[in-house]
Structures are given as structure tokens and as C-alpha cells.
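Enquirer: One file is attached below, model-v9.pdb, containing PDB, C-alpha atoms (C1' of nucleotides).
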ATOM      1  CA  MET L  26      56.272   9.589 -27.866  1.00  0.00           C
ATOM      2  CA  LYS L  27      54.360   6.439 -27.141  1.00  0.00           C
ATOM      3  CA  ASN L  28      51.570   5.488 -24.794  1.00  0.00           C
ATOM      4  CA  PRO L  29      53.096   4.004 -21.633  1.00  0.00           C
ATOM      5  CA  ILE L  30      49.891   2.325 -20.464  1.00  0.00           C
ATOM      6  CA  GLU L  31      48.334   0.761 -23.527  1.00  0.00           C
ATOM      7  CA  HIS L  32      49.406  -2.775 -22.646  1.00  0.00           C
ATOM      8  CA  LEU L  33      48.291  -2.669 -19.035  1.00  0.00           C
ATOM      9  CA  ASN L  34      45.380  -4.963 -18.217  1.00  0.00           C
ATOM     10  CA  LYS L  35      42.396  -3.157 -16.714  1.00  0.00           C
ATOM     11  CA  ILE L  36      41.526  -6.097 -14.500  1.00  0.00           C
ATOM     12  CA  PHE L  37      44.843  -5.670 -12.730  1.00  0.00           C
ATOM     13  CA  ASP L  38      44.381  -1.983 -12.009  1.00  0.00           C
ATOM     14  CA  ASN L  39      42.848  -3.024  -8.725  1.00  0.00           C
ATOM     15  CA  ARG L  40      45.299  -3.645  -5.891  1.00  0.00           C
ATOM     16  CA  VAL L  41      43.490  -6.627  -4.394  1.00  0.00           C
ATOM     17  CA  ARG L  42      43.257  -8.445  -7.709  1.00  0.00           C
ATOM     18  CA  LEU L  43      46.862  -7.559  -8.455  1.00  0.00           C
ATOM     19  CA  GLY L  44      47.913  -8.953  -5.088  1.00  0.00           C
ATOM     20  CA  VAL L  45      45.920 -12.145  -5.475  1.00  0.00           C
ATOM     21  CA  MET L  46      47.468 -12.779  -8.857  1.00  0.00           C
ATOM     22  CA  SER L  47      50.976 -12.118  -7.647  1.00  0.00           C
ATOM     23  CA  VAL L  48      50.472 -14.536  -4.769  1.00  0.00           C
ATOM     24  CA  LEU L  49      49.076 -17.168  -7.106  1.00  0.00           C
ATOM     25  CA  MET L  50      52.062 -16.830  -9.399  1.00  0.00           C
ATOM     26  CA  VAL L  51      54.308 -18.228  -6.696  1.00  0.00           C
ATOM     27  CA  ASN L  52      51.899 -20.479  -4.791  1.00  0.00           C
ATOM     28  CA  GLU L  53      50.465 -23.531  -6.456  1.00  0.00           C
ATOM     29  CA  GLU L  54      47.287 -22.900  -4.510  1.00  0.00           C
ATOM     30  CA  ILE L  55      46.114 -20.867  -1.579  1.00  0.00           C
ATOM     31  CA  ASN L  56      42.961 -20.918   0.489  1.00  0.00           C
ATOM     32  CA  PHE L  57      40.405 -18.221   1.177  1.00  0.00           C
ATOM     33  CA  ASN L  58      41.406 -17.418   4.709  1.00  0.00           C
ATOM     34  CA  ASP L  59      45.115 -17.171   4.070  1.00  0.00           C
ATOM     35  CA  LEU L  60      44.400 -14.867   1.187  1.00  0.00           C
ATOM     36  CA  LYS L  61      42.079 -12.809   3.333  1.00  0.00           C
ATOM     37  CA  GLN L  62      44.636 -12.342   6.077  1.00  0.00           C
ATOM     38  CA  MET L  63      47.430 -11.678   3.651  1.00  0.00           C
ATOM     39  CA  MET L  64      45.597  -8.943   1.807  1.00  0.00           C
ATOM     40  CA  ASP L  65      43.866  -7.558   4.861  1.00  0.00           C
ATOM     41  CA  VAL L  66      40.421  -7.257   3.327  1.00  0.00           C
ATOM     42  CA  THR L  67      36.924  -8.193   4.421  1.00  0.00           C
ATOM     43  CA  ASP L  68      35.687 -11.572   3.262  1.00  0.00           C
ATOM     44  CA  GLY L  69      32.921 -10.089   1.137  1.00  0.00           C
ATOM     45  CA  ASN L  70      35.346  -7.797  -0.607  1.00  0.00           C
ATOM     46  CA  LEU L  71      37.797 -10.605  -1.257  1.00  0.00           C
ATOM     47  CA  ALA L  72      35.046 -12.887  -2.526  1.00  0.00           C
ATOM     48  CA  SER L  73      33.908 -10.302  -5.031  1.00  0.00           C
ATOM     49  CA  HIS L  74      37.406  -9.752  -6.397  1.00  0.00           C
ATOM     50  CA  LEU L  75      37.955 -13.502  -6.606  1.00  0.00           C
ATOM     51  CA  SER L  76      34.764 -13.931  -8.552  1.00  0.00           C
ATOM     52  CA  THR L  77      35.825 -11.188 -10.967  1.00  0.00           C
ATOM     53  CA  LEU L  78      39.073 -13.052 -11.549  1.00  0.00           C
ATOM     54  CA  GLU L  79      37.201 -16.296 -11.979  1.00  0.00           C
ATOM     55  CA  GLU L  80      34.761 -14.747 -14.452  1.00  0.00           C
ATOM     56  CA  HIS L  81      37.738 -13.762 -16.557  1.00  0.00           C
ATOM     57  CA  ALA L  82      39.088 -17.296 -16.225  1.00  0.00           C
ATOM     58  CA  TYR L  83      42.276 -16.032 -14.626  1.00  0.00           C
ATOM     59  CA  ILE L  84      41.885 -18.260 -11.588  1.00  0.00           C
ATOM     60  CA  ARG L  85      40.234 -21.572 -10.835  1.00  0.00           C
ATOM     61  CA  VAL L  86      38.510 -22.622  -7.640  1.00  0.00           C
ATOM     62  CA  HIS L  87      38.707 -25.909  -5.836  1.00  0.00           C
ATOM     63  CA  LYS L  88      36.352 -26.697  -2.993  1.00  0.00           C
ATOM     64  CA  GLY L  89      37.876 -29.303  -0.752  1.00  0.00           C
ATOM     65  CA  PHE L  90      38.328 -30.301   2.862  1.00  0.00           C
ATOM     66  CA  ILE L  91      40.974 -30.324   5.503  1.00  0.00           C
ATOM     67  CA  GLY L  92      39.823 -33.243   7.597  1.00  0.00           C
ATOM     68  CA  ARG L  93      36.139 -32.442   7.864  1.00  0.00           C
ATOM     69  CA  LYS L  94      36.436 -28.692   7.476  1.00  0.00           C
ATOM     70  CA  THR L  95      35.673 -27.029   4.187  1.00  0.00           C
ATOM     71  CA  ASN L  96      38.708 -25.561   2.489  1.00  0.00           C
ATOM     72  CA  THR L  97      38.376 -23.604  -0.742  1.00  0.00           C
ATOM     73  CA  THR L  98      41.569 -23.099  -2.646  1.00  0.00           C
ATOM     74  CA  TYR L  99      42.390 -20.893  -5.585  1.00  0.00           C
ATOM     75  CA  ALA L 100      44.931 -21.430  -8.309  1.00  0.00           C
ATOM     76  CA  ILE L 101      46.007 -19.483 -11.353  1.00  0.00           C
ATOM     77  CA  THR L 102      45.020 -20.722 -14.806  1.00  0.00           C
ATOM     78  CA  LYS L 103      47.177 -20.758 -17.935  1.00  0.00           C
ATOM     79  CA  ALA L 104      45.219 -17.811 -19.258  1.00  0.00           C
ATOM     80  CA  GLY L 105      45.700 -16.001 -15.966  1.00  0.00           C
ATOM     81  CA  GLU L 106      49.407 -16.623 -16.024  1.00  0.00           C
ATOM     82  CA  LYS L 107      49.658 -15.327 -19.553  1.00  0.00           C
ATOM     83  CA  ALA L 108      47.596 -12.217 -18.865  1.00  0.00           C
ATOM     84  CA  PHE L 109      49.471 -11.459 -15.683  1.00  0.00           C
ATOM     85  CA  LYS L 110      52.878 -11.929 -17.274  1.00  0.00           C
ATOM     86  CA  GLU L 111      51.880  -9.553 -20.037  1.00  0.00           C
ATOM     87  CA  HIS L 112      50.760  -7.025 -17.464  1.00  0.00           C
ATOM     88  CA  ILE L 113      54.014  -7.326 -15.542  1.00  0.00           C
ATOM     89  CA  GLU L 114      55.947  -6.940 -18.738  1.00  0.00           C
ATOM     90  CA  ALA L 115      54.001  -3.800 -19.566  1.00  0.00           C
ATOM     91  CA  LEU L 116      54.708  -2.469 -16.084  1.00  0.00           C
ATOM     92  CA  GLU L 117      58.387  -3.262 -16.443  1.00  0.00           C
ATOM     93  CA  ASN L 118      58.554  -1.505 -19.779  1.00  0.00           C
ATOM     94  CA  MET L 119      56.867   1.491 -18.259  1.00  0.00           C
ATOM     95  CA  ILE L 120      59.347   1.491 -15.392  1.00  0.00           C
ATOM     96  CA  LYS L 121      62.261   1.000 -17.753  1.00  0.00           C
ATOM     97  CA  GLY L 122      61.188   4.146 -19.531  1.00  0.00           C
ATOM     98  CA  ILE L 123      61.654   5.963 -16.248  1.00  0.00           C
ATOM     99  CA  ARG L 124      65.163   4.838 -15.418  1.00  0.00           C
TER     100      ARG L 124
ATOM    101  CA  MET Z   9      53.437 -14.669   4.315  1.00  0.00           C
ATOM    102  CA  LYS Z  10      53.338 -10.954   3.822  1.00  0.00           C
ATOM    103  CA  ASN Z  11      50.969  -8.586   2.138  1.00  0.00           C
ATOM    104  CA  PRO Z  12      52.256  -7.898  -1.376  1.00  0.00           C
ATOM    105  CA  ILE Z  13      50.207  -4.750  -1.905  1.00  0.00           C
ATOM    106  CA  GLU Z  14      50.412  -2.796   1.322  1.00  0.00           C
ATOM    107  CA  HIS Z  15      52.896  -0.251  -0.008  1.00  0.00           C
ATOM    108  CA  LEU Z  16      51.091   0.447  -3.251  1.00  0.00           C
ATOM    109  CA  ASN Z  17      49.666   3.935  -3.539  1.00  0.00           C
ATOM    110  CA  LYS Z  18      45.917   4.018  -4.221  1.00  0.00           C
ATOM    111  CA  ILE Z  19      46.207   7.128  -6.348  1.00  0.00           C
ATOM    112  CA  PHE Z  20      48.342   5.182  -8.793  1.00  0.00           C
ATOM    113  CA  ASP Z  21      45.907   2.308  -9.152  1.00  0.00           C
ATOM    114  CA  ASN Z  22      44.443   4.177 -12.074  1.00  0.00           C
ATOM    115  CA  ARG Z  23      46.147   3.633 -15.406  1.00  0.00           C
ATOM    116  CA  VAL Z  24      45.839   7.215 -16.649  1.00  0.00           C
ATOM    117  CA  ARG Z  25      47.326   8.684 -13.469  1.00  0.00           C
ATOM    118  CA  LEU Z  26      50.026   6.038 -13.518  1.00  0.00           C
ATOM    119  CA  GLY Z  27      50.841   6.906 -17.115  1.00  0.00           C
ATOM    120  CA  VAL Z  28      50.917  10.635 -16.493  1.00  0.00           C
ATOM    121  CA  MET Z  29      53.292  10.172 -13.586  1.00  0.00           C
ATOM    122  CA  SER Z  30      55.597   7.894 -15.516  1.00  0.00           C
ATOM    123  CA  VAL Z  31      55.755  10.400 -18.346  1.00  0.00           C
ATOM    124  CA  LEU Z  32      56.473  13.227 -15.928  1.00  0.00           C
ATOM    125  CA  MET Z  33      59.304  11.266 -14.359  1.00  0.00           C
ATOM    126  CA  VAL Z  34      61.264  11.490 -17.599  1.00  0.00           C
ATOM    127  CA  ASN Z  35      59.987  14.759 -19.021  1.00  0.00           C
ATOM    128  CA  GLU Z  36      60.732  18.006 -17.271  1.00  0.00           C
ATOM    129  CA  GLU Z  37      57.347  19.228 -18.409  1.00  0.00           C
ATOM    130  CA  ILE Z  38      54.672  18.293 -20.850  1.00  0.00           C
ATOM    131  CA  ASN Z  39      51.607  20.065 -22.140  1.00  0.00           C
ATOM    132  CA  PHE Z  40      47.967  19.121 -22.069  1.00  0.00           C
ATOM    133  CA  ASN Z  41      47.563  18.141 -25.686  1.00  0.00           C
ATOM    134  CA  ASP Z  42      50.662  15.998 -25.892  1.00  0.00           C
ATOM    135  CA  LEU Z  43      49.547  14.182 -22.788  1.00  0.00           C
ATOM    136  CA  LYS Z  44      46.074  13.737 -24.206  1.00  0.00           C
ATOM    137  CA  GLN Z  45      47.340  12.202 -27.426  1.00  0.00           C
ATOM    138  CA  MET Z  46      49.867  10.050 -25.659  1.00  0.00           C
ATOM    139  CA  MET Z  47      47.377   8.535 -23.271  1.00  0.00           C
ATOM    140  CA  ASP Z  48      44.538   8.418 -25.784  1.00  0.00           C
ATOM    141  CA  VAL Z  49      41.885   9.837 -23.482  1.00  0.00           C
ATOM    142  CA  THR Z  50      39.206  12.480 -23.820  1.00  0.00           C
ATOM    143  CA  ASP Z  51      40.168  15.931 -22.624  1.00  0.00           C
ATOM    144  CA  GLY Z  52      37.596  15.931 -19.826  1.00  0.00           C
ATOM    145  CA  ASN Z  53      38.842  12.632 -18.534  1.00  0.00           C
ATOM    146  CA  LEU Z  54      42.456  13.754 -18.647  1.00  0.00           C
ATOM    147  CA  ALA Z  55      41.624  17.033 -16.941  1.00  0.00           C
ATOM    148  CA  SER Z  56      39.929  15.226 -14.076  1.00  0.00           C
ATOM    149  CA  HIS Z  57      42.856  12.888 -13.513  1.00  0.00           C
ATOM    150  CA  LEU Z  58      45.267  15.803 -13.672  1.00  0.00           C
ATOM    151  CA  SER Z  59      43.277  17.676 -11.083  1.00  0.00           C
ATOM    152  CA  THR Z  60      43.298  14.617  -8.798  1.00  0.00           C
ATOM    153  CA  LEU Z  61      47.078  14.521  -9.099  1.00  0.00           C
ATOM    154  CA  GLU Z  62      47.267  18.238  -8.472  1.00  0.00           C
ATOM    155  CA  GLU Z  63      45.023  17.996  -5.404  1.00  0.00           C
ATOM    156  CA  HIS Z  64      47.456  15.503  -3.968  1.00  0.00           C
ATOM    157  CA  ALA Z  65      50.313  17.866  -4.808  1.00  0.00           C
ATOM    158  CA  TYR Z  66      51.954  15.264  -6.999  1.00  0.00           C
ATOM    159  CA  ILE Z  67      52.076  17.554 -10.008  1.00  0.00           C
ATOM    160  CA  ARG Z  68      52.243  21.282 -10.570  1.00  0.00           C
ATOM    161  CA  VAL Z  69      50.621  23.278 -13.342  1.00  0.00           C
ATOM    162  CA  HIS Z  70      52.059  26.111 -15.333  1.00  0.00           C
ATOM    163  CA  LYS Z  71      49.877  28.174 -17.599  1.00  0.00           C
ATOM    164  CA  GLY Z  72      51.956  29.791 -20.273  1.00  0.00           C
ATOM    165  CA  PHE Z  73      51.983  30.672 -23.935  1.00  0.00           C
ATOM    166  CA  ILE Z  74      53.567  29.572 -27.149  1.00  0.00           C
ATOM    167  CA  GLY Z  75      53.548  32.771 -29.099  1.00  0.00           C
ATOM    168  CA  ARG Z  76      50.023  33.985 -28.413  1.00  0.00           C
ATOM    169  CA  LYS Z  77      48.479  30.565 -27.886  1.00  0.00           C
ATOM    170  CA  THR Z  78      47.832  29.282 -24.403  1.00  0.00           C
ATOM    171  CA  ASN Z  79      50.010  26.352 -23.414  1.00  0.00           C
ATOM    172  CA  THR Z  80      49.479  24.642 -20.078  1.00  0.00           C
ATOM    173  CA  THR Z  81      52.284  22.445 -18.933  1.00  0.00           C
ATOM    174  CA  TYR Z  82      52.493  19.942 -16.125  1.00  0.00           C
ATOM    175  CA  ALA Z  83      55.491  18.923 -14.078  1.00  0.00           C
ATOM    176  CA  ILE Z  84      56.074  16.508 -11.245  1.00  0.00           C
ATOM    177  CA  THR Z  85      56.658  17.852  -7.738  1.00  0.00           C
ATOM    178  CA  LYS Z  86      59.176  16.577  -5.179  1.00  0.00           C
ATOM    179  CA  ALA Z  87      56.339  14.951  -3.267  1.00  0.00           C
ATOM    180  CA  GLY Z  88      55.066  13.372  -6.479  1.00  0.00           C
ATOM    181  CA  GLU Z  89      58.482  12.028  -7.298  1.00  0.00           C
ATOM    182  CA  LYS Z  90      58.820  10.537  -3.849  1.00  0.00           C
ATOM    183  CA  ALA Z  91      55.362   8.971  -3.860  1.00  0.00           C
ATOM    184  CA  PHE Z  92      55.820   7.574  -7.328  1.00  0.00           C
ATOM    185  CA  LYS Z  93      59.240   6.146  -6.583  1.00  0.00           C
ATOM    186  CA  GLU Z  94      57.817   4.426  -3.535  1.00  0.00           C
ATOM    187  CA  HIS Z  95      55.014   2.999  -5.622  1.00  0.00           C
ATOM    188  CA  ILE Z  96      57.430   1.721  -8.247  1.00  0.00           C
ATOM    189  CA  GLU Z  97      59.566   0.197  -5.548  1.00  0.00           C
ATOM    190  CA  ALA Z  98      56.531  -1.556  -4.101  1.00  0.00           C
ATOM    191  CA  LEU Z  99      55.640  -2.837  -7.571  1.00  0.00           C
ATOM    192  CA  GLU Z 100      59.186  -4.049  -8.108  1.00  0.00           C
ATOM    193  CA  ASN Z 101      59.183  -5.852  -4.795  1.00  0.00           C
ATOM    194  CA  MET Z 102      55.918  -7.481  -5.697  1.00  0.00           C
ATOM    195  CA  ILE Z 103      57.317  -8.548  -9.043  1.00  0.00           C
ATOM    196  CA  LYS Z 104      60.525  -9.752  -7.440  1.00  0.00           C
ATOM    197  CA  GLY Z 105      58.424 -12.031  -5.278  1.00  0.00           C
ATOM    198  CA  ILE Z 106      57.130 -13.614  -8.444  1.00  0.00           C
ATOM    199  CA  ARG Z 107      60.440 -14.376 -10.133  1.00  0.00           C
TER     200      ARG Z 107
ATOM    201  C1'  DA N   3      31.226  36.645 -38.699  1.00  0.00           C
ATOM    202  C1'  DT N   4      32.270  31.979 -38.350  1.00  0.00           C
ATOM    203  C1'  DT N   5      35.267  28.516 -37.345  1.00  0.00           C
ATOM    204  C1'  DG N   6      38.793  26.489 -34.679  1.00  0.00           C
ATOM    205  C1'  DC N   7      41.995  25.819 -30.886  1.00  0.00           C
ATOM    206  C1'  DT N   8      43.198  25.209 -25.833  1.00  0.00           C
ATOM    207  C1'  DA N   9      42.120  23.781 -21.540  1.00  0.00           C
ATOM    208  C1'  DC N  10      39.185  23.171 -19.138  1.00  0.00           C
ATOM    209  C1'  DT N  11      34.064  22.567 -16.243  1.00  0.00           C
ATOM    210  C1'  DT N  12      29.636  20.586 -15.944  1.00  0.00           C
ATOM    211  C1'  DT N  13      26.479  16.997 -16.290  1.00  0.00           C
ATOM    212  C1'  DG N  14      25.008  12.497 -16.286  1.00  0.00           C
ATOM    213  C1'  DT N  15      25.578   7.547 -16.260  1.00  0.00           C
ATOM    214  C1'  DA N  16      27.361   3.238 -15.541  1.00  0.00           C
ATOM    215  C1'  DG N  17      30.516   0.772 -13.041  1.00  0.00           C
ATOM    216  C1'  DT N  18      33.399  -0.179  -8.870  1.00  0.00           C
ATOM    217  C1'  DA N  19      35.002  -0.815  -4.137  1.00  0.00           C
ATOM    218  C1'  DC N  20      33.871  -1.715   0.111  1.00  0.00           C
ATOM    219  C1'  DA N  21      31.735  -2.632   4.713  1.00  0.00           C
ATOM    220  C1'  DA N  22      28.332  -4.805   7.052  1.00  0.00           C
ATOM    221  C1'  DA N  23      25.012  -8.019   7.666  1.00  0.00           C
ATOM    222  C1'  DG N  24      22.933 -12.236   6.467  1.00  0.00           C
ATOM    223  C1'  DT N  25      23.180 -17.335   4.884  1.00  0.00           C
ATOM    224  C1'  DG N  26      23.873 -22.453   4.992  1.00  0.00           C
ATOM    225  C1'  DC N  27      26.607 -25.841   6.336  1.00  0.00           C
ATOM    226  C1'  DT N  28      29.601 -28.055   9.529  1.00  0.00           C
ATOM    227  C1'  DT N  29      32.377 -28.476  13.677  1.00  0.00           C
ATOM    228  C1'  DT N  30      33.539 -27.487  18.258  1.00  0.00           C
ATOM    229  C1'  DT N  31      32.452 -26.243  22.788  1.00  0.00           C
ATOM    230  C1'  DT N  32      29.541 -26.243  26.819  1.00  0.00           C
TER     231       DT N  32
ATOM    232  C1'  DA T  29      21.201 -31.072  23.121  1.00  0.00           C
ATOM    233  C1'  DA T  30      22.028 -26.276  22.559  1.00  0.00           C
ATOM    234  C1'  DA T  31      24.973 -22.610  21.623  1.00  0.00           C
ATOM    235  C1'  DA T  32      28.931 -20.655  19.617  1.00  0.00           C
ATOM    236  C1'  DA T  33      32.152 -20.434  16.077  1.00  0.00           C
ATOM    237  C1'  DG T  34      34.358 -21.119  11.505  1.00  0.00           C
ATOM    238  C1'  DC T  35      34.195 -21.256   6.422  1.00  0.00           C
ATOM    239  C1'  DA T  36      33.078 -19.239   2.229  1.00  0.00           C
ATOM    240  C1'  DC T  37      30.420 -17.064   0.556  1.00  0.00           C
ATOM    241  C1'  DT T  38      25.811 -13.761  -1.060  1.00  0.00           C
ATOM    242  C1'  DT T  39      23.102  -9.772  -0.469  1.00  0.00           C
ATOM    243  C1'  DT T  40      22.415  -5.098   0.358  1.00  0.00           C
ATOM    244  C1'  DG T  41      23.462  -0.490   0.375  1.00  0.00           C
ATOM    245  C1'  DT T  42      26.431   3.447  -0.045  1.00  0.00           C
ATOM    246  C1'  DA T  43      29.946   6.224  -1.545  1.00  0.00           C
ATOM    247  C1'  DC T  44      33.196   6.841  -4.884  1.00  0.00           C
ATOM    248  C1'  DT T  45      35.152   6.549  -9.658  1.00  0.00           C
ATOM    249  C1'  DA T  46      35.807   6.579 -14.548  1.00  0.00           C
ATOM    250  C1'  DC T  47      34.336   8.203 -18.477  1.00  0.00           C
ATOM    251  C1'  DA T  48      31.913  10.357 -22.473  1.00  0.00           C
ATOM    252  C1'  DA T  49      29.685  14.120 -24.132  1.00  0.00           C
ATOM    253  C1'  DA T  50      28.460  18.604 -24.179  1.00  0.00           C
ATOM    254  C1'  DG T  51      29.186  23.179 -22.751  1.00  0.00           C
ATOM    255  C1'  DT T  52      32.346  27.295 -21.830  1.00  0.00           C
ATOM    256  C1'  DA T  53      35.717  31.292 -22.224  1.00  0.00           C
ATOM    257  C1'  DG T  54      39.264  33.395 -24.347  1.00  0.00           C
ATOM    258  C1'  DC T  55      42.011  34.057 -28.230  1.00  0.00           C
ATOM    259  C1'  DA T  56      43.457  33.323 -33.266  1.00  0.00           C
ATOM    260  C1'  DA T  57      42.975  32.452 -37.879  1.00  0.00           C
ATOM    261  C1'  DT T  58      39.938  32.734 -42.193  1.00  0.00           C
TER     262       DT T  58
END
Represent the structure of the file as C-alpha cells.
Expert:
Amino acid sequence: MKNPIEHLNKIFDNRVRLGVMSVLMVNEEINFNDLKQMMDVTDGNLASHLSTLEEHAYIRVHKGFIGRKTNTTYAITKAGEKAFKEHIEALENMIKGIR
Amino acid sequence: MKNPIEHLNKIFDNRVRLGVMSVLMVNEEINFNDLKQMMDVTDGNLASHLSTLEEHAYIRVHKGFIGRKTNTTYAITKAGEKAFKEHIEALENMIKGIR
DNA sequence: ATTGCTACTTTGTAGTACAAAGTGCTTTTT
DNA sequence: AAAAAGCACTTTGTACTACAAAGTAGCAAT
């Protein structure tokens, strides 16, 4: 019998990082505050998870403006998309084993 | 836009616990050593995750014998099945949002 | 008598998650 | 002009977690 978890990515064990990635898979970009409200986390907590994802080059940051207000947006990278797809595939295979 | 992770169960964030549960969904029961080899973890590590799952009443332990050798087996409980199914459903909904 | 197996428990460490408070900059309100 | 508020963090501190490694108890095989 084979290991059902060997292809899961450790970075995506965490729910906040998993959620951020799943949001970024379907949204070209999203800003800090929307993400914060969506995930219902404190800003410090969100920032630390975002920087973990950035360190792994799974997301990319863009500091811009809306009018004169700062607006930081986040987008998924190619590497992030690849890693996340592989994780999802591993999850699906695990789930398939259950059905 | 809605929170993609609110229905995920924190207990199943961990890969080892996730793997154990997924194995127990398809196997009536499984023993300690098989689980250990399958998940490729140290025995202490496995034991601690198993006891977390037991504390939450997601699995049940049965200490038996094969011949004269001790053989501890683990099985999923009704509550464990329910919690895990809900987690899987939440994961599937998250994934569905991506496709 | 020693070694080995099973299923742990104990110990210790490094890493993680998180809240809360603080920061620097800008904008809005008074 | 001064104060309050918003943005996107950083810093600090704490509690929790994952994990390896070593130790343990009971039994079996050599």
C-alpha cells in the first residue's frame, strides 16, 4: 500500500496559505485588504504568510496606488501555479483513493 | 467573495493526520507498523499524531494479538468519518472554485 | 543471556501560528 | 493646522507544534 501524502506540499499544509493560493488561482490579482477580510485573519498574520509564499516564489507582489492611496496587490507566479496544481492533484488522488 | 477555508478542519491541516484518516476511510482497520511504513514517519511521531486523533475521538484503538505478538490496530469512528468527510467536502469546494 | 520486536512515552529542540502593538507614510476629517 | 484614520506592513512575545532521538516494558526468538 502506498503513501497517500508523499506528494503533498508542506507549504500548503497551512490553511491561510492554502486559501491565498486558491484565491490567486482564480483572481489575476488581489489586494491586501480584500485578502484579509476574505480569510478573516489579522494583518500581521496575513503578512507573515504572504511573505512565506513570496520567499518560495509562489506569489509576486505589486505595490501600486488607487488614486493616491497605496494598494498592494498579490498575484500567483508560474512556479506557484505549478506547485499548487501539483498539490491539488495530490489531494485529488488522495481523495480518489477514498471513494 | 467568500472565505475558501472556513470549513476546513484544523486537525487535518497536518499531513500525517490527513494521511492516517484517508487510509482509515478505506481500511476497516490498520496496525501501527503498517501505518508507520506507509507514512514514512518515526514511531514517536506517528504515535503522537495518533493520540491527537484519538483525543478528538476521530479514531479508536484496539490492542490485540497476532498469535502471541501484540498488534495494535486503529479504526475510524463515526465522528471521525463525519469530520473527515466534511473536510474533504470543504477541500473539494475550494478546488471547484479554482476550476 | 542477549537480541529483537511492538507500541509506545519522554525529552528536547527548532519551527510555526498568531495576536497585539508599533511603524511610516499618506489621506481624510475637524 | 492638528487629529484621526487607513494601508501594509514589522516587531515582539507567547503558546503551540512537529519531529527526532532515546528510553521503556513486555514478550519472543536465538
Enquirer: Would you give me, as an NGL selection string, the residues of chain N that come within 9 Å of chain Z, using all atoms listed in the file?
Expert: :N and (7-11)
Enquirer: For those residues, write C-alpha atoms (C1' of nucleotides) to a file as a PDB file, in the frame of the given file.
Expert:
ATOM      1  C1'  DC N   7      41.995  25.819 -30.886  1.00  0.00           C
ATOM      2  C1'  DT N   8      43.198  25.209 -25.833  1.00  0.00           C
ATOM      3  C1'  DA N   9      42.120  23.781 -21.540  1.00  0.00           C
ATOM      4  C1'  DC N  10      39.185  23.171 -19.138  1.00  0.00           C
ATOM      5  C1'  DT N  11      34.064  22.567 -16.243  1.00  0.00           C
TER       6       DT N  11
END
Enquirer: Using only C-alpha atoms, I'd like every residue of chain Z that has an atom within 12 Å of chain L; please write them out as a PyMOL selection string.
Expert: chain Z and resi 9-35+38+42-49+89+92-93+95-107
Enquirer: Could you save the residues just selected, with C-alpha atoms, as a PDB file, in the frame of the given file?
Expert:
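Listed below is the output, again-v8.pdb:
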ATOM      1  CA  MET Z   9      53.437 -14.669   4.315  1.00  0.00           C
ATOM      2  CA  LYS Z  10      53.338 -10.954   3.822  1.00  0.00           C
ATOM      3  CA  ASN Z  11      50.969  -8.586   2.138  1.00  0.00           C
ATOM      4  CA  PRO Z  12      52.256  -7.898  -1.376  1.00  0.00           C
ATOM      5  CA  ILE Z  13      50.207  -4.750  -1.905  1.00  0.00           C
ATOM      6  CA  GLU Z  14      50.412  -2.796   1.322  1.00  0.00           C
ATOM      7  CA  HIS Z  15      52.896  -0.251  -0.008  1.00  0.00           C
ATOM      8  CA  LEU Z  16      51.091   0.447  -3.251  1.00  0.00           C
ATOM      9  CA  ASN Z  17      49.666   3.935  -3.539  1.00  0.00           C
ATOM     10  CA  LYS Z  18      45.917   4.018  -4.221  1.00  0.00           C
ATOM     11  CA  ILE Z  19      46.207   7.128  -6.348  1.00  0.00           C
ATOM     12  CA  PHE Z  20      48.342   5.182  -8.793  1.00  0.00           C
ATOM     13  CA  ASP Z  21      45.907   2.308  -9.152  1.00  0.00           C
ATOM     14  CA  ASN Z  22      44.443   4.177 -12.074  1.00  0.00           C
ATOM     15  CA  ARG Z  23      46.147   3.633 -15.406  1.00  0.00           C
ATOM     16  CA  VAL Z  24      45.839   7.215 -16.649  1.00  0.00           C
ATOM     17  CA  ARG Z  25      47.326   8.684 -13.469  1.00  0.00           C
ATOM     18  CA  LEU Z  26      50.026   6.038 -13.518  1.00  0.00           C
ATOM     19  CA  GLY Z  27      50.841   6.906 -17.115  1.00  0.00           C
ATOM     20  CA  VAL Z  28      50.917  10.635 -16.493  1.00  0.00           C
ATOM     21  CA  MET Z  29      53.292  10.172 -13.586  1.00  0.00           C
ATOM     22  CA  SER Z  30      55.597   7.894 -15.516  1.00  0.00           C
ATOM     23  CA  VAL Z  31      55.755  10.400 -18.346  1.00  0.00           C
ATOM     24  CA  LEU Z  32      56.473  13.227 -15.928  1.00  0.00           C
ATOM     25  CA  MET Z  33      59.304  11.266 -14.359  1.00  0.00           C
ATOM     26  CA  VAL Z  34      61.264  11.490 -17.599  1.00  0.00           C
ATOM     27  CA  ASN Z  35      59.987  14.759 -19.021  1.00  0.00           C
ATOM     28  CA  ILE Z  38      54.672  18.293 -20.850  1.00  0.00           C
ATOM     29  CA  ASP Z  42      50.662  15.998 -25.892  1.00  0.00           C
ATOM     30  CA  LEU Z  43      49.547  14.182 -22.788  1.00  0.00           C
ATOM     31  CA  LYS Z  44      46.074  13.737 -24.206  1.00  0.00           C
ATOM     32  CA  GLN Z  45      47.340  12.202 -27.426  1.00  0.00           C
ATOM     33  CA  MET Z  46      49.867  10.050 -25.659  1.00  0.00           C
ATOM     34  CA  MET Z  47      47.377   8.535 -23.271  1.00  0.00           C
ATOM     35  CA  ASP Z  48      44.538   8.418 -25.784  1.00  0.00           C
ATOM     36  CA  VAL Z  49      41.885   9.837 -23.482  1.00  0.00           C
ATOM     37  CA  GLU Z  89      58.482  12.028  -7.298  1.00  0.00           C
ATOM     38  CA  PHE Z  92      55.820   7.574  -7.328  1.00  0.00           C
ATOM     39  CA  LYS Z  93      59.240   6.146  -6.583  1.00  0.00           C
ATOM     40  CA  HIS Z  95      55.014   2.999  -5.622  1.00  0.00           C
ATOM     41  CA  ILE Z  96      57.430   1.721  -8.247  1.00  0.00           C
ATOM     42  CA  GLU Z  97      59.566   0.197  -5.548  1.00  0.00           C
ATOM     43  CA  ALA Z  98      56.531  -1.556  -4.101  1.00  0.00           C
ATOM     44  CA  LEU Z  99      55.640  -2.837  -7.571  1.00  0.00           C
ATOM     45  CA  GLU Z 100      59.186  -4.049  -8.108  1.00  0.00           C
ATOM     46  CA  ASN Z 101      59.183  -5.852  -4.795  1.00  0.00           C
ATOM     47  CA  MET Z 102      55.918  -7.481  -5.697  1.00  0.00           C
ATOM     48  CA  ILE Z 103      57.317  -8.548  -9.043  1.00  0.00           C
ATOM     49  CA  LYS Z 104      60.525  -9.752  -7.440  1.00  0.00           C
ATOM     50  CA  GLY Z 105      58.424 -12.031  -5.278  1.00  0.00           C
ATOM     51  CA  ILE Z 106      57.130 -13.614  -8.444  1.00  0.00           C
ATOM     52  CA  ARG Z 107      60.440 -14.376 -10.133  1.00  0.00           C
TER      53      ARG Z 107
END
Enquirer: Assuming the chain letters and numbering stay as they are in my file, what does the PyMOL selection byres ((chain T) within 12 of (chain L)) actually select? List them as a list in words.
Expert: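 Listing what the PyMOL selection byres ((chain T) within 12 of (chain L)) selects in the shown file: DG34, DC35, DA36, DC37, DT38, DT39, DT40 and DA46 of chain T.
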Enquirer: Might you spell out which residues the PyMOL selection byres ((chain N and resi 3-6) around 9) would select in the displayed file, as a ChimeraX atom specification?
Expert: /N:7 /T:56-58
Enquirer: In Å to one decimal, how far is atom CA of L:Ala82 from atom C1' of N:DT28?
Expert: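 Going from atom C1' of N:DT28 over to atom CA of L:Ala82, I get 29.5 Å.
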Enquirer: Could you tell me how far atom CA of Z:Glu37 lies from atom CA of Z:Thr50, in Å and to one decimal?
Expert: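 Between these atoms lies a distance of 20.1 Å.
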